[in-house]
Structures are given as structure tokens and as C-alpha cells.
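Working notes for the structure below.
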Amino acid sequence: MTRRLGLGSAITGLLAAALTSLAAPSATAADPMYQAPVVGQCFDMSVAELGEASYAEAAVDCAAEHTSQVIAVAQVPDGVAYESKALVRFALETCFPAQRKAVGASKLGLRLTSFNLGYFIPTVDQQAAGARWLRCDLVLSAGSRLAPLPGKLQVGRFPFKDTVARCLSGREFVITVCAEKHTFRATAALRVDAERFPSESAWQRLGERRCRSAVRSSYFRFGWPSKASWKAGDRVLVCYTQTRR
């Protein structure tokens, strides 16, 4: 299961619908936080590892180069199975607020950065020992790789530095930091007020109408959250201005 949570499905489709079957949680868990990581720990993680259900590599010194940092650890509620959609909802509701706090940005401002999220559950062996936790990791998307996290995560006010600002690159318009080669830059994040998750055609109409006056180029792109992200409170339409770089 892809476990990168922070980006809209219209651009990269990172929040997959496929589910991974893992060992069932122990009914006699003595310690639900068995071998749980600690908030603030740093890791040297790859994009492939970010997509795994569990991550058991050792932490690295945060003063050294690293690509992920644990920003939240929470006990999974009773009745929520690891292979269920309820876990995705719990992960979104747990990780999104932690991401905003770590980066120091609003819901709108956060979508103008290339910061992304991953979540992990205990390994099968840890589950067998009673572990019932979920961890949220902050990462920085740079196309096909993860960029090293900056020493200072707080982004300040928009416009953000190119090393953390959100851009699009390549023919598939993947999200990357603007310090890398790119063709579009995120220049506006607009809240969408709707009672239900809009259909794809409705998103297309919203993007065409609302982004046209929010970009600085005649040709532009836009992206929106996945349905699961929408249910967890992400109601942001992101508008991208075409660039020459």
C-alpha cells in the first residue's frame, strides 16, 4: 500500500486504494506501544521504503543528512484493523495536524510546500508481541526521490524558499521542490467549500474557474486532494503557474 499521504490524487495519485494484508492484532496485547519509535527521531529513507507498510531501520543522527523525521506516534484504536480503510482515515487524521505543526504552516500554506507524509505500522513480529501503534513521518518530495530534510522545518511565510516550495516536473508533472528542474510552480492554494467530495468533472470546472485568476500564466495546472484526504479535512485546490525553468 502506498503510504504517502500528503499529495493530491489529481497530480500523482499517491494515496492508493489497494490494501495490504498483515497479521491481525493480538487480542492479548500487553504493551500496545511495544518498540514504538520516538517523535523527533530521524531516518535515511528512500521513496521505495516510504511505500512499505512497516519500516524497521535504525534511526540516524538528526545532525547528519536524513530524509524523514517522526512527527507523531499514536496507538491504533481497538477495532481498527491494519488492513482496513479505517486505518487510512486514522492515519490521515493523526498525521495531517502533526505535519502542519512540524512545518509551521496553515492547511493552505502547507499545500504550497513539497513536504509530504508517510505512515507506518508495526512489523509482523512487533504485532505478534502486542504492538498497536502508528507512526507518521515527514518527508520532502523531490520527484522520484526524497530530498534531505532541512535542519529547520518551519517554513515561515509564503513565498517559501525554493528548497521546500512545491513545483511540478517532467511529463507526468510529479511534485518536486522548486530548487530542482521544473515546469510549474504552486502559486495559490484555495479552500473549497462543499458538502460532498466533488466529482472529477466538478474539480475540473473549479480549477478552470478559480485558478485562472490565481496564476501568472495563460497555461496552468491545478490539483486536488484524494477523497480520503478530503474526508480528513483537506479541502484545498492547488493552482500551478507555468515557469520557464
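Each chain of the C-alpha cells is named A, B, ... in the order shown, its residues numbered from 1; ligands are numbered from 1 in display order.
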Sel. of strand (DSSP E or B) residues, stretch 4-222 of chain A, as number ranges by chain: A: 4, 42-43, 60, 68-75, 113, 115-120, 133-142, 145-146, 165-169, 174-177, 184-191, 220-222
Export of prior selection with C-alpha atoms as a tab-separated table (two decimals), in the first residue's frame:
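Writing done, so here's selection_31.tsv:
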```tsv
chain	number	residue	atom	x	y	z
A	4	ARG	CA	2.48	8.80	1.21
A	42	CYS	CA	15.37	10.84	12.03
A	43	PHE	CA	15.89	8.24	9.29
A	60	VAL	CA	20.27	8.18	12.29
A	68	SER	CA	12.47	11.54	7.16
A	69	GLN	CA	11.57	12.50	10.70
A	70	VAL	CA	8.95	11.01	13.00
A	71	ILE	CA	6.42	13.73	13.83
A	72	ALA	CA	3.72	11.69	15.58
A	73	VAL	CA	3.21	8.28	17.20
A	74	ALA	CA	-0.27	7.15	18.20
A	75	GLN	CA	-1.93	3.99	19.47
A	113	THR	CA	5.24	23.21	0.01
A	115	PHE	CA	6.52	18.39	2.28
A	116	ASN	CA	4.80	15.03	2.21
A	117	LEU	CA	3.77	12.35	4.69
A	118	GLY	CA	4.21	8.64	5.18
A	119	TYR	CA	2.85	6.37	7.88
A	120	PHE	CA	4.00	3.00	9.16
A	133	TRP	CA	0.83	1.84	17.09
A	134	LEU	CA	1.09	4.03	14.04
A	135	ARG	CA	3.92	6.43	13.23
A	136	CYS	CA	3.81	9.50	10.98
A	137	ASP	CA	6.95	10.53	9.10
A	138	LEU	CA	7.58	13.89	7.47
A	139	VAL	CA	9.44	13.78	4.15
A	140	LEU	CA	10.25	16.22	1.34
A	141	SER	CA	9.28	15.09	-2.17
A	142	ALA	CA	11.76	15.77	-4.97
A	145	ARG	CA	13.46	10.72	-4.75
A	146	LEU	CA	13.23	12.18	-1.28
A	165	ALA	CA	8.42	25.19	-2.19
A	166	ARG	CA	6.21	22.97	-4.37
A	167	CYS	CA	6.74	22.67	-8.11
A	168	LEU	CA	5.90	20.15	-10.84
A	169	SER	CA	8.38	18.47	-13.15
A	174	VAL	CA	5.39	14.95	-10.38
A	175	ILE	CA	5.74	17.10	-7.30
A	176	THR	CA	9.24	18.31	-6.52
A	177	VAL	CA	10.99	21.10	-4.67
A	184	PHE	CA	5.17	24.66	-12.97
A	185	ARG	CA	5.21	26.33	-9.55
A	186	ALA	CA	2.43	26.24	-6.94
A	187	THR	CA	1.35	29.85	-6.57
A	188	ALA	CA	-2.06	29.60	-4.91
A	189	ALA	CA	-3.91	27.31	-2.52
A	190	LEU	CA	-7.67	27.86	-2.42
A	191	ARG	CA	-10.16	26.45	0.05
A	220	PHE	CA	-1.68	26.49	-15.92
A	221	ARG	CA	-2.39	23.31	-13.97
A	222	PHE	CA	-4.21	22.50	-10.76
```
Determine, counting only C-alpha atoms, which protein, DNA and RNA residues have an atom within 9 Å of an atom of A:Asp31; residues of the same chain fewer than 5 positions away are not included. Present the result as a list of chain:residue names.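 With the cut-off at 9 Å, the set is A:Ala129, A:Gly130, A:Ala131, A:Arg132.
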What lies within 8 Å of stretch 149-153 of chain A using only C-alpha atoms, ignoring chain neighbours under 5 positions off, as a ChimeraX atom specification? /A:63,65-68,102-104,139-140
Residues just named, written with N, CA and C atoms as a PDB file, in the first residue's frame:
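Now in again00.pdb:
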```
ATOM      1  N   ALA A  63      21.547  15.409  13.131  1.00  0.00           N
ATOM      2  CA  ALA A  63      22.506  16.414  12.696  1.00  0.00           C
ATOM      3  C   ALA A  63      23.131  16.039  11.356  1.00  0.00           C
ATOM      4  N   GLU A  65      22.750  14.109   7.407  1.00  0.00           N
ATOM      5  CA  GLU A  65      21.738  14.145   6.350  1.00  0.00           C
ATOM      6  C   GLU A  65      20.701  13.046   6.577  1.00  0.00           C
ATOM      7  N   HIS A  66      19.439  13.399   6.460  1.00  0.00           N
ATOM      8  CA  HIS A  66      18.360  12.433   6.648  1.00  0.00           C
ATOM      9  C   HIS A  66      17.168  12.848   5.792  1.00  0.00           C
ATOM     10  N   THR A  67      16.294  11.895   5.477  1.00  0.00           N
ATOM     11  CA  THR A  67      15.173  12.167   4.577  1.00  0.00           C
ATOM     12  C   THR A  67      13.805  12.021   5.228  1.00  0.00           C
ATOM     13  N   SER A  68      13.760  11.613   6.487  1.00  0.00           N
ATOM     14  CA  SER A  68      12.465  11.540   7.165  1.00  0.00           C
ATOM     15  C   SER A  68      12.647  11.805   8.654  1.00  0.00           C
ATOM     16  N   ALA A 102       4.619  20.645  12.609  1.00  0.00           N
ATOM     17  CA  ALA A 102       6.052  20.495  12.375  1.00  0.00           C
ATOM     18  C   ALA A 102       6.572  21.528  11.386  1.00  0.00           C
ATOM     19  N   VAL A 103       5.774  21.799  10.351  1.00  0.00           N
ATOM     20  CA  VAL A 103       6.198  22.718   9.296  1.00  0.00           C
ATOM     21  C   VAL A 103       5.863  24.165   9.652  1.00  0.00           C
ATOM     22  N   GLY A 104       4.905  24.354  10.533  1.00  0.00           N
ATOM     23  CA  GLY A 104       4.523  25.704  10.926  1.00  0.00           C
ATOM     24  C   GLY A 104       3.732  26.419   9.849  1.00  0.00           C
ATOM     25  N   VAL A 139       8.429  13.894   5.196  1.00  0.00           N
ATOM     26  CA  VAL A 139       9.443  13.781   4.148  1.00  0.00           C
ATOM     27  C   VAL A 139       9.295  14.970   3.203  1.00  0.00           C
ATOM     28  N   LEU A 140      10.256  15.119   2.297  1.00  0.00           N
ATOM     29  CA  LEU A 140      10.250  16.220   1.341  1.00  0.00           C
ATOM     30  C   LEU A 140      10.379  15.629  -0.059  1.00  0.00           C
TER      31      LEU A 140
END
```
Selection: 12 Å around A:Glu195, only C-alpha atoms, excl. self and same-chain fewer than 5 positions, as a ChimeraX atom specification: /A:230-231,233,235
DSSP says alpha helix (DSSP H) for which residues of stretch 80-244 of chain A? Put them as a PyMOL selection string? chain A and resi 85-103+107-110+124-128+200-211+227-231
Output for the residues just chosen: C-alpha atoms as an mmCIF file, in the first residue's frame:
```
data_model
loop_
_atom_site.group_PDB
_atom_site.id
_atom_site.type_symbol
_atom_site.label_atom_id
_atom_site.label_comp_id
_atom_site.auth_asym_id
_atom_site.auth_seq_id
_atom_site.Cartn_x
_atom_site.Cartn_y
_atom_site.Cartn_z
ATOM 1 C CA LYS A 85 -9.710 1.685 5.205
ATOM 2 C CA ALA A 86 -10.366 2.832 8.756
ATOM 3 C CA LEU A 87 -6.609 2.748 9.316
ATOM 4 C CA VAL A 88 -6.086 5.116 6.381
ATOM 5 C CA ARG A 89 -8.626 7.517 7.899
ATOM 6 C CA PHE A 90 -6.955 7.271 11.308
ATOM 7 C CA ALA A 91 -3.541 7.893 9.720
ATOM 8 C CA LEU A 92 -4.760 10.964 7.865
ATOM 9 C CA GLU A 93 -6.445 12.409 10.935
ATOM 10 C CA THR A 94 -3.332 11.753 13.023
ATOM 11 C CA CYS A 95 -0.615 12.788 10.580
ATOM 12 C CA PHE A 96 -2.054 15.899 8.943
ATOM 13 C CA PRO A 97 -2.234 18.007 12.142
ATOM 14 C CA ALA A 98 1.256 16.835 13.140
ATOM 15 C CA GLN A 99 2.559 17.834 9.717
ATOM 16 C CA ARG A 100 1.132 21.346 9.967
ATOM 17 C CA LYS A 101 2.622 21.770 13.428
ATOM 18 C CA ALA A 102 6.052 20.495 12.375
ATOM 19 C CA VAL A 103 6.198 22.718 9.296
ATOM 20 C CA LYS A 107 -3.744 23.983 5.734
ATOM 21 C CA LEU A 108 -3.497 26.271 2.725
ATOM 22 C CA GLY A 109 0.162 27.152 3.151
ATOM 23 C CA LEU A 110 1.158 23.532 3.600
ATOM 24 C CA VAL A 124 4.565 -8.621 11.850
ATOM 25 C CA ASP A 125 6.883 -9.627 14.712
ATOM 26 C CA GLN A 126 6.070 -6.454 16.634
ATOM 27 C CA GLN A 127 2.365 -7.039 16.104
ATOM 28 C CA ALA A 128 2.765 -10.569 17.454
ATOM 29 C CA GLU A 200 -13.675 14.782 -11.239
ATOM 30 C CA SER A 201 -15.624 16.931 -13.688
ATOM 31 C CA ALA A 202 -16.594 19.280 -10.852
ATOM 32 C CA TRP A 203 -12.944 19.573 -9.799
ATOM 33 C CA GLN A 204 -12.030 20.354 -13.397
ATOM 34 C CA ARG A 205 -14.599 23.152 -13.518
ATOM 35 C CA LEU A 206 -13.452 24.515 -10.159
ATOM 36 C CA GLY A 207 -9.830 24.501 -11.231
ATOM 37 C CA GLU A 208 -10.502 26.184 -14.567
ATOM 38 C CA ARG A 209 -12.639 28.867 -12.953
ATOM 39 C CA ARG A 210 -10.824 29.621 -9.721
ATOM 40 C CA CYS A 211 -7.196 29.101 -10.736
ATOM 41 C CA LYS A 227 -11.357 11.508 -1.368
ATOM 42 C CA ALA A 228 -9.797 10.053 1.784
ATOM 43 C CA SER A 229 -7.812 13.249 2.355
ATOM 44 C CA TRP A 230 -10.946 15.299 1.787
ATOM 45 C CA LYS A 231 -12.792 13.359 4.482
#
```
When distances are computed from only C-alpha atoms, which of A:Pro159, A:Pro225, A:Pro198, A:Pro32 shows the smallest separation from A:Ile121?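 Distance minimum relative to A:Ile121 lands on A:Pro32.
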Please indicate the distance in Å from atom CA of A:Arg244 to atom CA of A:His182, rounded to one decimal place.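 Atom-to-atom, atom CA of A:Arg244 and atom CA of A:His182 are spaced 8.2 Å apart.
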Work out how far atom CA of A:Asp162 is from atom CA of A:Tyr55, in Å to one decimal.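 Atom CA of A:Tyr55 sits 29.2 Å away from atom CA of A:Asp162.
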Report, in Å to a single decimal, how far apart atom CA of A:Ser144 and atom CA of A:Gln242 are.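 Rounded to one decimal, the two atoms are 20.5 Å apart.
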Determine the nearest neighbour of A:Ala105 from the options A:Gly51, A:Gly156, A:Pro148, A:Pro122, counting only C-alpha atoms.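 Once distances to A:Ala105 are computed over only C-alpha atoms, the minimum belongs to A:Gly156.
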